[in-house]
Each structure stands twice: as structure tokens, then as C-alpha cells.
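Next comes upload_22.tsv, a file with TSV, C-alpha atoms.
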```tsv
chain	number	residue	atom	x	y	z
M	1	MET	CA	4.92	6.00	-25.67
M	2	SER	CA	1.99	5.66	-28.06
M	3	ALA	CA	-1.20	4.00	-26.83
M	4	ILE	CA	-1.33	0.21	-27.01
M	5	SER	CA	-4.06	-1.21	-29.20
M	6	ARG	CA	-6.66	-2.73	-26.90
M	7	PRO	CA	-7.43	-6.38	-27.67
M	8	SER	CA	-10.92	-7.82	-27.51
M	9	LEU	CA	-12.05	-9.64	-24.40
M	10	SER	CA	-12.78	-13.34	-24.70
M	11	PRO	CA	-16.41	-14.21	-25.56
M	12	GLY	CA	-18.56	-14.59	-22.46
M	13	LEU	CA	-16.67	-12.07	-20.33
M	14	THR	CA	-18.42	-8.87	-19.30
M	15	ILE	CA	-17.28	-5.62	-17.69
M	16	ARG	CA	-18.73	-3.15	-15.20
M	17	PRO	CA	-17.51	-0.64	-12.61
M	18	LEU	CA	-16.80	-2.00	-9.14
M	19	THR	CA	-19.07	-1.19	-6.19
M	20	LEU	CA	-18.63	-1.31	-2.43
M	21	ASP	CA	-20.52	-4.62	-2.46
M	22	ASP	CA	-17.62	-6.15	-4.44
M	23	ALA	CA	-15.10	-5.69	-1.60
M	24	ALA	CA	-15.21	-9.26	-0.29
M	25	ALA	CA	-15.09	-10.89	-3.73
M	26	LEU	CA	-12.27	-8.61	-4.88
M	27	THR	CA	-10.30	-9.31	-1.72
M	28	GLU	CA	-10.47	-13.03	-2.48
M	29	LEU	CA	-9.42	-12.46	-6.11
M	30	ILE	CA	-6.34	-10.50	-5.03
M	31	ALA	CA	-5.60	-13.03	-2.29
M	32	GLU	CA	-5.69	-15.89	-4.80
M	33	GLN	CA	-3.24	-14.03	-7.04
M	34	GLU	CA	-0.94	-13.30	-4.06
M	35	ARG	CA	-1.00	-16.93	-2.93
M	36	HIS	CA	-0.10	-18.02	-6.46
M	37	ASP	CA	2.69	-15.46	-6.94
M	38	LEU	CA	4.06	-15.11	-3.39
M	39	GLY	CA	2.96	-18.17	-1.46
M	40	ARG	CA	0.88	-16.13	1.00
M	41	ALA	CA	-1.94	-13.59	0.89
M	42	ASP	CA	-1.59	-10.27	2.68
M	43	ILE	CA	-4.57	-8.36	1.28
M	44	GLU	CA	-7.43	-7.53	3.65
M	45	GLU	CA	-10.90	-6.25	2.88
M	46	ALA	CA	-10.17	-3.24	5.12
M	47	ASP	CA	-7.31	-2.29	2.77
M	48	LEU	CA	-9.77	-1.87	-0.08
M	49	LEU	CA	-12.46	-0.19	1.97
M	50	GLY	CA	-9.97	2.28	3.44
M	51	ASP	CA	-8.92	3.29	-0.08
M	52	TRP	CA	-12.46	3.39	-1.40
M	53	GLN	CA	-13.81	5.61	1.39
M	54	ARG	CA	-11.38	8.44	0.57
M	55	PRO	CA	-13.53	11.49	-0.24
M	56	SER	CA	-11.46	12.19	-3.35
M	57	HIS	CA	-11.96	8.72	-4.82
M	58	ASP	CA	-14.86	7.83	-7.11
M	59	LEU	CA	-14.95	4.06	-7.43
M	60	ALA	CA	-17.66	4.15	-10.10
M	61	THR	CA	-15.53	6.13	-12.56
M	62	SER	CA	-12.08	4.84	-11.52
M	63	SER	CA	-12.51	1.07	-11.60
M	64	LEU	CA	-13.56	-1.78	-13.81
M	65	GLY	CA	-14.21	-5.43	-13.09
M	66	VAL	CA	-14.09	-8.27	-15.61
M	67	LEU	CA	-16.69	-10.93	-14.89
M	68	ASP	CA	-17.32	-14.48	-16.01
M	69	GLY	CA	-20.98	-14.85	-15.12
M	70	GLN	CA	-21.23	-13.36	-11.64
M	71	ARG	CA	-17.61	-14.01	-10.68
M	72	ILE	CA	-15.03	-11.22	-10.83
M	73	VAL	CA	-12.00	-12.71	-12.60
M	74	GLY	CA	-10.02	-9.52	-13.15
M	75	TYR	CA	-10.09	-5.87	-12.17
M	76	VAL	CA	-8.29	-2.56	-12.50
M	77	GLU	CA	-8.52	0.61	-10.41
M	78	HIS	CA	-7.00	4.04	-11.04
M	79	VAL	CA	-5.90	4.71	-7.45
M	80	ASP	CA	-4.07	8.00	-7.87
M	81	VAL	CA	-2.83	10.24	-10.69
M	82	GLU	CA	0.21	8.09	-11.53
M	83	ARG	CA	-0.79	4.81	-9.85
M	84	TYR	CA	-3.17	1.96	-10.51
M	85	ASP	CA	-3.77	-1.56	-9.19
M	86	ALA	CA	-4.91	-4.61	-11.12
M	87	ALA	CA	-5.20	-8.37	-10.75
M	88	VAL	CA	-6.33	-11.36	-12.78
M	89	LEU	CA	-7.19	-14.78	-11.41
M	90	PRO	CA	-4.27	-17.12	-12.19
M	91	SER	CA	-6.66	-19.57	-13.88
M	92	TYR	CA	-7.74	-16.80	-16.29
M	93	ARG	CA	-4.27	-15.67	-17.32
M	94	GLY	CA	-3.26	-15.96	-20.95
M	95	ARG	CA	-6.61	-14.66	-22.27
M	96	GLY	CA	-5.55	-11.04	-22.81
M	97	ILE	CA	-7.41	-9.72	-19.75
M	98	GLY	CA	-4.34	-8.08	-18.22
M	99	THR	CA	-3.46	-6.30	-21.47
M	100	TRP	CA	-7.07	-5.16	-21.91
M	101	LEU	CA	-7.16	-3.73	-18.39
M	102	ALA	CA	-3.78	-2.02	-18.81
M	103	THR	CA	-4.92	-0.21	-21.95
M	104	TRP	CA	-8.24	0.78	-20.38
M	105	VAL	CA	-6.59	2.37	-17.34
M	106	GLN	CA	-3.95	4.06	-19.50
M	107	ASP	CA	-6.70	5.71	-21.52
M	108	LEU	CA	-8.47	6.78	-18.34
M	109	ALA	CA	-5.32	8.21	-16.73
M	110	ARG	CA	-4.38	10.01	-19.94
M	111	SER	CA	-7.84	11.62	-20.07
M	112	ARG	CA	-7.25	12.88	-16.52
M	113	GLY	CA	-3.98	14.55	-17.43
M	114	ALA	CA	-1.49	11.92	-16.25
M	115	THR	CA	1.78	11.71	-18.19
M	116	ILE	CA	3.10	8.56	-16.50
M	117	LEU	CA	1.29	5.59	-14.97
M	118	GLY	CA	2.43	2.50	-13.12
M	119	MET	CA	1.76	-0.15	-10.48
M	120	PRO	CA	3.73	-2.46	-8.20
M	121	VAL	CA	4.12	-6.13	-9.12
M	122	PRO	CA	6.11	-8.96	-7.51
M	123	GLU	CA	9.50	-9.23	-9.21
M	124	ALA	CA	9.60	-11.97	-11.89
M	125	SER	CA	5.84	-12.62	-11.55
M	126	ALA	CA	3.41	-12.99	-14.43
M	127	GLY	CA	2.39	-9.37	-13.88
M	128	ASP	CA	6.01	-8.25	-14.06
M	129	ARG	CA	6.50	-10.13	-17.32
M	130	LEU	CA	3.31	-8.70	-18.82
M	131	LEU	CA	4.17	-5.09	-17.99
M	132	THR	CA	7.69	-5.58	-19.30
M	133	ALA	CA	6.23	-6.84	-22.59
M	134	LEU	CA	3.94	-3.78	-22.69
M	135	GLY	CA	6.92	-1.44	-22.43
M	136	TYR	CA	6.81	-0.58	-18.73
M	137	GLY	CA	10.14	0.22	-17.07
M	138	VAL	CA	11.14	-0.08	-13.42
M	139	ARG	CA	10.59	3.20	-11.59
M	140	TRP	CA	11.62	1.94	-8.14
M	141	THR	CA	11.96	-1.27	-6.13
M	142	SER	CA	10.24	-2.11	-2.86
M	143	TRP	CA	10.56	-4.90	-0.31
M	144	VAL	CA	8.38	-6.58	2.27
M	145	LEU	CA	10.51	-7.23	5.35
M	146	ARG	CA	9.55	-9.52	8.21
M	147	LEU	CA	10.87	-9.97	11.71
M	148	PRO	CA	11.50	-13.71	12.18
M	149	GLU	CA	9.08	-15.46	14.53
M	150	GLY	CA	10.37	-15.24	18.08
M	151	ALA	CA	12.73	-12.36	17.32
M	152	THR	CA	12.36	-8.88	18.78
M	153	VAL	CA	13.63	-5.43	17.91
M	154	ALA	CA	16.13	-4.23	20.50
M	155	SER	CA	14.67	-1.64	22.84
M	156	ARG	CA	16.17	1.82	22.77
M	157	PRO	CA	15.28	4.41	25.41
M	158	LEU	CA	13.91	7.69	24.21
M	159	PRO	CA	16.05	10.80	24.71
M	160	ASP	CA	15.17	13.09	27.61
M	161	GLY	CA	12.07	15.14	26.92
M	162	TYR	CA	10.53	12.66	24.45
M	163	ALA	CA	7.52	10.46	25.21
M	164	LEU	CA	5.70	7.64	23.41
M	165	ARG	CA	1.95	7.15	23.69
M	166	VAL	CA	-1.22	6.17	21.82
M	167	ALA	CA	-2.49	8.98	19.59
M	168	THR	CA	-5.70	10.81	20.40
M	169	PRO	CA	-8.08	12.60	18.01
M	170	ALA	CA	-6.46	15.86	19.07
M	171	ASP	CA	-3.21	14.59	17.49
M	172	HIS	CA	-4.67	13.78	14.09
M	173	GLU	CA	-3.67	16.96	12.27
M	174	GLN	CA	-0.10	16.71	13.60
M	175	VAL	CA	0.04	13.01	12.66
M	176	TRP	CA	-1.02	13.87	9.12
M	177	THR	CA	1.54	16.66	8.89
M	178	VAL	CA	4.47	14.58	10.20
M	179	VAL	CA	3.73	11.60	7.93
M	180	GLU	CA	2.99	13.60	4.79
M	181	ASP	CA	6.03	15.85	5.28
M	182	ALA	CA	8.27	12.79	5.68
M	183	PHE	CA	6.80	10.83	2.77
M	184	LEU	CA	6.85	13.79	0.41
M	185	GLU	CA	10.60	14.09	0.85
M	186	TRP	CA	10.94	11.15	-1.54
M	187	SER	CA	7.50	10.64	-3.11
M	188	ALA	CA	6.66	12.78	-6.15
M	189	ARG	CA	2.94	13.35	-5.64
M	190	GLU	CA	0.50	15.89	-4.31
M	191	ARG	CA	-0.02	16.11	-0.56
M	192	ALA	CA	-2.94	13.94	0.52
M	193	THR	CA	-5.76	15.84	2.17
M	194	ILE	CA	-6.29	15.13	5.85
M	195	GLU	CA	-9.67	13.65	4.94
M	196	ASP	CA	-8.13	11.13	2.49
M	197	PHE	CA	-5.28	10.40	4.91
M	198	GLY	CA	-7.67	9.85	7.80
M	199	ALA	CA	-9.83	7.46	5.78
M	200	GLN	CA	-6.83	5.10	5.53
M	201	VAL	CA	-5.48	5.65	9.06
M	202	TRP	CA	-7.80	6.40	12.01
M	203	GLY	CA	-10.85	5.79	9.79
M	204	ARG	CA	-9.64	2.42	8.48
M	205	PRO	CA	-12.34	-0.20	9.10
M	206	GLY	CA	-11.67	-2.03	12.36
M	207	SER	CA	-9.27	0.64	13.63
M	208	GLU	CA	-8.35	0.43	17.32
M	209	PRO	CA	-6.61	3.07	19.47
M	210	TRP	CA	-3.34	1.11	19.72
M	211	ASN	CA	-3.00	1.09	15.93
M	212	LEU	CA	-1.75	4.69	15.94
M	213	GLN	CA	1.13	5.58	18.26
M	214	VAL	CA	3.14	8.78	18.42
M	215	VAL	CA	6.32	10.18	19.92
M	216	THR	CA	6.12	13.72	21.23
M	217	GLY	CA	9.07	16.07	21.56
M	218	PRO	CA	10.17	18.31	24.43
M	219	ASP	CA	7.53	20.89	23.52
M	220	GLY	CA	4.75	18.28	23.43
M	221	ALA	CA	4.34	18.31	19.64
M	222	VAL	CA	4.07	15.06	17.66
M	223	VAL	CA	7.41	14.31	16.01
M	224	GLY	CA	7.09	10.59	15.23
M	225	VAL	CA	4.27	8.30	14.09
M	226	ALA	CA	3.66	4.57	13.68
M	227	HIS	CA	0.45	3.19	12.18
M	228	ALA	CA	0.09	-0.58	12.51
M	229	TRP	CA	-2.51	-3.31	12.93
M	230	ASN	CA	-2.76	-7.07	13.33
M	231	THR	CA	-3.70	-9.04	10.22
M	232	PRO	CA	-5.98	-12.11	10.26
M	233	ASP	CA	-2.90	-14.36	10.00
M	234	ALA	CA	-1.47	-12.99	13.28
M	235	ASP	CA	1.05	-10.57	11.80
M	236	THR	CA	1.59	-7.02	13.02
M	237	TYR	CA	1.90	-4.90	9.90
M	238	VAL	CA	3.40	-1.41	10.16
M	239	ALA	CA	1.82	0.60	7.34
M	240	LYS	CA	3.36	3.98	8.13
M	241	LEU	CA	6.45	4.95	10.11
M	242	ALA	CA	7.68	8.53	10.04
M	243	VAL	CA	9.85	10.88	12.08
M	244	ALA	CA	10.08	14.63	11.53
M	245	ARG	CA	13.38	15.59	9.90
M	246	ALA	CA	14.60	17.73	12.83
M	247	HIS	CA	14.20	14.79	15.25
M	248	ARG	CA	15.89	11.96	13.35
M	249	SER	CA	18.96	9.93	14.39
M	250	ARG	CA	17.72	9.80	17.98
M	251	GLY	CA	16.23	6.30	17.98
M	252	LEU	CA	12.61	7.44	17.66
M	253	ALA	CA	11.80	5.16	14.70
M	254	GLN	CA	13.23	2.17	16.53
M	255	ALA	CA	11.22	3.01	19.65
M	256	LEU	CA	8.05	3.25	17.57
M	257	LEU	CA	8.77	-0.11	15.93
M	258	VAL	CA	9.31	-1.75	19.32
M	259	ALA	CA	6.05	-0.26	20.59
M	260	ALA	CA	4.00	-1.24	17.52
M	261	PHE	CA	5.34	-4.79	17.39
M	262	GLY	CA	4.97	-5.16	21.15
M	263	GLU	CA	1.35	-4.05	21.14
M	264	GLY	CA	0.67	-6.44	18.29
M	265	ARG	CA	2.24	-9.38	20.09
M	266	ALA	CA	0.24	-8.57	23.22
M	267	ARG	CA	-2.85	-9.09	21.07
M	268	GLY	CA	-1.78	-12.43	19.62
M	269	ALA	CA	0.55	-11.62	16.72
M	270	THR	CA	3.37	-14.08	16.11
M	271	SER	CA	5.23	-12.14	13.40
M	272	SER	CA	5.82	-8.53	12.37
M	273	SER	CA	6.31	-6.94	8.96
M	274	LEU	CA	6.44	-3.73	6.95
M	275	SER	CA	7.36	-2.55	3.49
M	276	THR	CA	9.80	0.06	2.23
M	277	ASP	CA	11.23	1.05	-1.11
M	278	SER	CA	14.38	2.24	-2.77
M	279	ARG	CA	13.32	5.90	-2.63
M	280	THR	CA	13.40	6.05	1.17
M	281	GLY	CA	16.84	4.65	2.00
M	282	ALA	CA	15.29	3.02	5.08
M	283	ARG	CA	15.88	-0.64	4.25
M	284	THR	CA	19.21	-0.74	6.11
M	285	LEU	CA	17.55	0.61	9.26
M	286	TYR	CA	15.08	-2.27	9.29
M	287	GLU	CA	17.73	-4.87	8.50
M	288	HIS	CA	19.85	-3.58	11.39
M	289	ALA	CA	16.78	-4.07	13.58
M	290	GLY	CA	16.76	-7.76	12.60
M	291	MET	CA	14.16	-7.77	9.82
M	292	ARG	CA	14.69	-9.86	6.70
M	293	THR	CA	13.45	-9.42	3.13
M	294	GLU	CA	10.52	-11.70	2.35
M	295	SER	CA	9.55	-10.50	-1.11
M	296	THR	CA	10.71	-7.99	-3.71
M	297	TRP	CA	8.41	-5.81	-5.77
M	298	VAL	CA	9.08	-3.52	-8.70
M	299	HIS	CA	7.01	-0.47	-9.50
M	300	ARG	CA	6.75	-0.52	-13.27
M	301	ALA	CA	5.52	2.54	-15.14
M	302	VAL	CA	4.93	3.69	-18.69
M	303	SER	CA	4.95	7.11	-20.30
M	304	LEU	CA	1.53	8.18	-21.55
M	305	SER	CA	2.78	10.93	-23.84
```
Spit out the file's structure as C-alpha cells when you get a sec.
Amino acid sequence: MSAISRPSLSPGLTIRPLTLDDAAALTELIAEQERHDLGRADIEEADLLGDWQRPSHDLATSSLGVLDGQRIVGYVEHVDVERYDAAVLPSYRGRGIGTWLATWVQDLARSRGATILGMPVPEASAGDRLLTALGYGVRWTSWVLRLPEGATVASRPLPDGYALRVATPADHEQVWTVVEDAFLEWSARERATIEDFGAQVWGRPGSEPWNLQVVTGPDGAVVGVAHAWNTPDADTYVAKLAVARAHRSRGLAQALLVAAFGEGRARGATSSSLSTDSRTGARTLYEHAGMRTESTWVHRAVSLS
């Protein structure tokens, strides 16, 4: 697809790269967009800081904020080679900000060698309609699933020789290997370095030991991983769930879910959630465990060639 002509920003709006000091303001911007589009806000400041502290990420050259005075009203960030994130305050929509940001990040990604670029947006949202109009197609679909309040995932005993416990620093390299191996079975990207991975997992701001649990196999090696935390609105969110290929179909994922949700409830959570997408084939597993779809997202992408 040929490059889109970038429109001019409305008079009075200014632009600059984002900084770490913008984390709180940007969290509120994204939260306001989520509340408008989805009826609830799931973003946390730790989500941004975990991404931004990856050694490979340079916020100064990979992001741009649009400001009205001192207030950030829109932003875009080139997160990975083929992925970006963006948001515009609902009250500032219709001024061409989203189109301007999309063209800016396309130019940036193209200069870095990317041939395709996309981002996730809630299905049928303003963002979905904008990207459709800009020629973006659906690359895959994802869902946020939630366990109804008061419901539990049925317990399933681990097979003989397997054990579930909280991860220790000595497990970190094995955790990284198990999760990356599993995710790269369906995700077309480069393997994350252990340093980038750790920044978003055990190095995530506010991380507690219970957030990272593992299942070990008969030989003591890590073969399953769950990374979860409690959100400010009392939800246990499972960010990563992975089982090594040779150890699947033995109930390990279900045991990890039970453990993660249980630890979260013991610390005050009243609901539990996670997300999955059409590339993984895991949605049925979660539905069989009693989880229900809360929202649907589409990852829309555009060719940069």
C-alpha cells in the first residue's frame, strides 16, 4: 500500500516525544478511551512502565504525544517491529489526530524496515472504523474473557511427578524459555530477549512473588508458567499462560489457572480475566473452564510496501 498523505494537525495542537514522566497522564488518556469504547478501563500505569523499561525500547525515538496546552490528547508508540499502540481522547476525535498519528508511525516503521504494521482495536469502535477507512485489514481476532463473579475454575490434580509452586529467581531463564517457545508457535516475531521479557514479568512495577507461578515436571524442570496480578479494580488478570509442548493435555494449564485465580482471590480479587486470540486456539479451553467473552478486539494491519 502506498503511504497515506499526512493531514495537518489542528491549530493550537503541539507534538513531542513521550517521557517517563508522562506515564500517569497517558494512563488516564487510555483509560478514558477504554471507558468510552468498552465501558470499563483496564489499563494500568505499570503496563506502560513495564513496556518502557525494556532495554531494547527507546521511548524518545519510538513515541509521540499530541498536546493541547499541557494536556496529552493523543499519542502513538511504535512498540515492536510490526506493532504500535495509539489513542485519542474521545472529546478530540474527528479532528484528524488519529490519521496524523497513523501516518507518522507508518513512516517510522517503514524507516526501520517493517513491511507490515498494525494494532489491536475494540471491534466496531471508532478506532476500528478509522483503521478500516485507512485500508487496514484484520490480521487476527482476540477476546477478553472473564470468569463470572462467584464462579471458580474446577480443580484438577496434577499428574504424578508434577508440582506447582511460586517461581524463584533461579527459574527465570526456564520461565522465559517455556513462555517464548510456546508463544512463538503461533506468533510471527523475533524471540524476546530475557532482559525485555523480564522487564514485563518479574521486573514489572509492583511485582510480587505470587504473580509468577510454575509447574515443574518429573525431572524438576519448569514446564508450565502463569503470570498474573491483581488490578486496582479487584480483578486477577492472567497475562501469560504457557505449557511446554511435550507436557500438554495433562491439565497443567487448568491447574495454573486455578492457582493464579485462587491467589488473587486470597488477596481481595472478586473477578478473574485473561485474553487470548484466534492464533492460539485456546479460547475453547477457557470457555470450558467457565470463562465468558467480555469484549472482542481485532488486530488491524496495513502493508507498508
If we count all atoms listed in the file, what is near M:Ser295 at a cut-off of 12 Å, once residues fewer than 6 positions away on the same chain are taken out, given as an mmCIF file with C-alpha atoms, in the coordinates of the input?
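Saved the output as result14.cif:
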```cif
data_model
loop_
_atom_site.group_PDB
_atom_site.id
_atom_site.type_symbol
_atom_site.label_atom_id
_atom_site.label_comp_id
_atom_site.auth_asym_id
_atom_site.auth_seq_id
_atom_site.Cartn_x
_atom_site.Cartn_y
_atom_site.Cartn_z
ATOM 1 C CA GLU M 34 -0.940 -13.300 -4.060
ATOM 2 C CA ASP M 37 2.690 -15.460 -6.940
ATOM 3 C CA LEU M 38 4.060 -15.110 -3.390
ATOM 4 C CA GLY M 39 2.960 -18.170 -1.460
ATOM 5 C CA ARG M 40 0.880 -16.130 1.000
ATOM 6 C CA ASP M 42 -1.590 -10.270 2.680
ATOM 7 C CA VAL M 121 4.120 -6.130 -9.120
ATOM 8 C CA PRO M 122 6.110 -8.960 -7.510
ATOM 9 C CA GLU M 123 9.500 -9.230 -9.210
ATOM 10 C CA ALA M 124 9.600 -11.970 -11.890
ATOM 11 C CA SER M 125 5.840 -12.620 -11.550
ATOM 12 C CA THR M 141 11.960 -1.270 -6.130
ATOM 13 C CA SER M 142 10.240 -2.110 -2.860
ATOM 14 C CA TRP M 143 10.560 -4.900 -0.310
ATOM 15 C CA VAL M 144 8.380 -6.580 2.270
ATOM 16 C CA LEU M 145 10.510 -7.230 5.350
ATOM 17 C CA ARG M 146 9.550 -9.520 8.210
ATOM 18 C CA SER M 273 6.310 -6.940 8.960
ATOM 19 C CA LEU M 274 6.440 -3.730 6.950
ATOM 20 C CA SER M 275 7.360 -2.550 3.490
ATOM 21 C CA THR M 276 9.800 0.060 2.230
ATOM 22 C CA ASP M 277 11.230 1.050 -1.110
#
```
**Message:** Neighbouring residues of stretch 8-19 of chain M were defined as those with any atom within 12 Å, considering all atoms listed in the file; residues of the same chain fewer than 6 positions away were excluded. Please report them as a ChimeraX atom specification.
**Reply:** /M:25-26,48-49,52-53,58-78,92-101,103-104
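From atom CA of M:Arg204 back to atom CA of M:Ala46, the distance works out to 6.6 Å.
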Find the residues with any atom within 12 Å of (-9.3, 2.3, 11.6); use only C-alpha atoms and the coordinates as given in the file, and write the answer as an mmCIF file with C-alpha atoms, in the coordinates of the input.
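Output file result_28.cif follows:
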```cif
data_model
loop_
_atom_site.group_PDB
_atom_site.id
_atom_site.type_symbol
_atom_site.label_atom_id
_atom_site.label_comp_id
_atom_site.auth_asym_id
_atom_site.auth_seq_id
_atom_site.Cartn_x
_atom_site.Cartn_y
_atom_site.Cartn_z
ATOM 1 C CA ALA M 46 -10.170 -3.240 5.120
ATOM 2 C CA ASP M 47 -7.310 -2.290 2.770
ATOM 3 C CA LEU M 49 -12.460 -0.190 1.970
ATOM 4 C CA GLY M 50 -9.970 2.280 3.440
ATOM 5 C CA ASP M 51 -8.920 3.290 -0.080
ATOM 6 C CA GLN M 53 -13.810 5.610 1.390
ATOM 7 C CA PHE M 197 -5.280 10.400 4.910
ATOM 8 C CA GLY M 198 -7.670 9.850 7.800
ATOM 9 C CA ALA M 199 -9.830 7.460 5.780
ATOM 10 C CA GLN M 200 -6.830 5.100 5.530
ATOM 11 C CA VAL M 201 -5.480 5.650 9.060
ATOM 12 C CA TRP M 202 -7.800 6.400 12.010
ATOM 13 C CA GLY M 203 -10.850 5.790 9.790
ATOM 14 C CA ARG M 204 -9.640 2.420 8.480
ATOM 15 C CA PRO M 205 -12.340 -0.200 9.100
ATOM 16 C CA GLY M 206 -11.670 -2.030 12.360
ATOM 17 C CA SER M 207 -9.270 0.640 13.630
ATOM 18 C CA GLU M 208 -8.350 0.430 17.320
ATOM 19 C CA PRO M 209 -6.610 3.070 19.470
ATOM 20 C CA TRP M 210 -3.340 1.110 19.720
ATOM 21 C CA ASN M 211 -3.000 1.090 15.930
ATOM 22 C CA LEU M 212 -1.750 4.690 15.940
ATOM 23 C CA HIS M 227 0.450 3.190 12.180
ATOM 24 C CA ALA M 228 0.090 -0.580 12.510
ATOM 25 C CA TRP M 229 -2.510 -3.310 12.930
ATOM 26 C CA ASN M 230 -2.760 -7.070 13.330
#
```
**Test item: residues at most 10 Å from M:Val258, only C-alpha atoms, excluding those fewer than 6 positions along its chain, as a VMD selection string** = chain M and resid 152 to 156 252 264 289
Neighbourhood query: residues within 9 Å of (11.7, -0.3, -14.7), file coordinates, counting only C-alpha atoms; return as a short mmCIF file (atom, residue, chain, number, x, y, z; two decimals) with C-alpha atoms, keeping the file's coordinate frame.
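result.cif, written as the output of this step:
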```
data_model
loop_
_atom_site.label_atom_id
_atom_site.label_comp_id
_atom_site.auth_asym_id
_atom_site.auth_seq_id
_atom_site.Cartn_x
_atom_site.Cartn_y
_atom_site.Cartn_z
CA THR M 132 7.69 -5.58 -19.30
CA TYR M 136 6.81 -0.58 -18.73
CA GLY M 137 10.14 0.22 -17.07
CA VAL M 138 11.14 -0.08 -13.42
CA ARG M 139 10.59 3.20 -11.59
CA TRP M 140 11.62 1.94 -8.14
CA THR M 141 11.96 -1.27 -6.13
CA VAL M 298 9.08 -3.52 -8.70
CA HIS M 299 7.01 -0.47 -9.50
CA ARG M 300 6.75 -0.52 -13.27
CA ALA M 301 5.52 2.54 -15.14
CA VAL M 302 4.93 3.69 -18.69
#
```
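Going from atom CA of M:Asp219 over to atom CA of M:Gln174, you cover 13.2 Å.
Atom CA of M:Leu117 is positioned 6.6 Å from atom CA of M:Ser303.
Shortest separation to M:Thr193 among M:Leu256, M:Val179, M:Ala266, M:Val215 occurs at residue M:Val179, atoms counted being all atoms listed in the file.
Using only C-alpha atoms, the contacts of M:Leu184 at a cut-off of 12 Å, with sequence neighbours closer than 5 positions omitted, comprise Trp176, Thr177, Val178, Val179, Arg189, Glu190, Arg191, Ala192, Ala242, Ala244, Arg245, Arg279 and Thr280 of chain M.
Distances to M:Asp22 were evaluated for M:Asp80, M:Glu45, M:Gly118, M:Thr236 using all atoms listed in the file, and the minimum falls at M:Glu45.
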**Prompt:** Looking at M:Ala86, M:Val81, M:Val105, M:Val214, which one is nearest to M:Pro169, with distances taken over only C-alpha atoms?
**Reply:** M:Val214
Return as lines of an AutoDock Vina configuration file the box centre and box size in Å, one decimal, for an axis-aligned box around all listed atoms of stretch 259-270 of chain M padded by 6 Å per side.
```
center_x = 1.6
center_y = -7.2
center_z = 19.7
size_x = 20.9
size_y = 25.8
size_z = 19.1
```
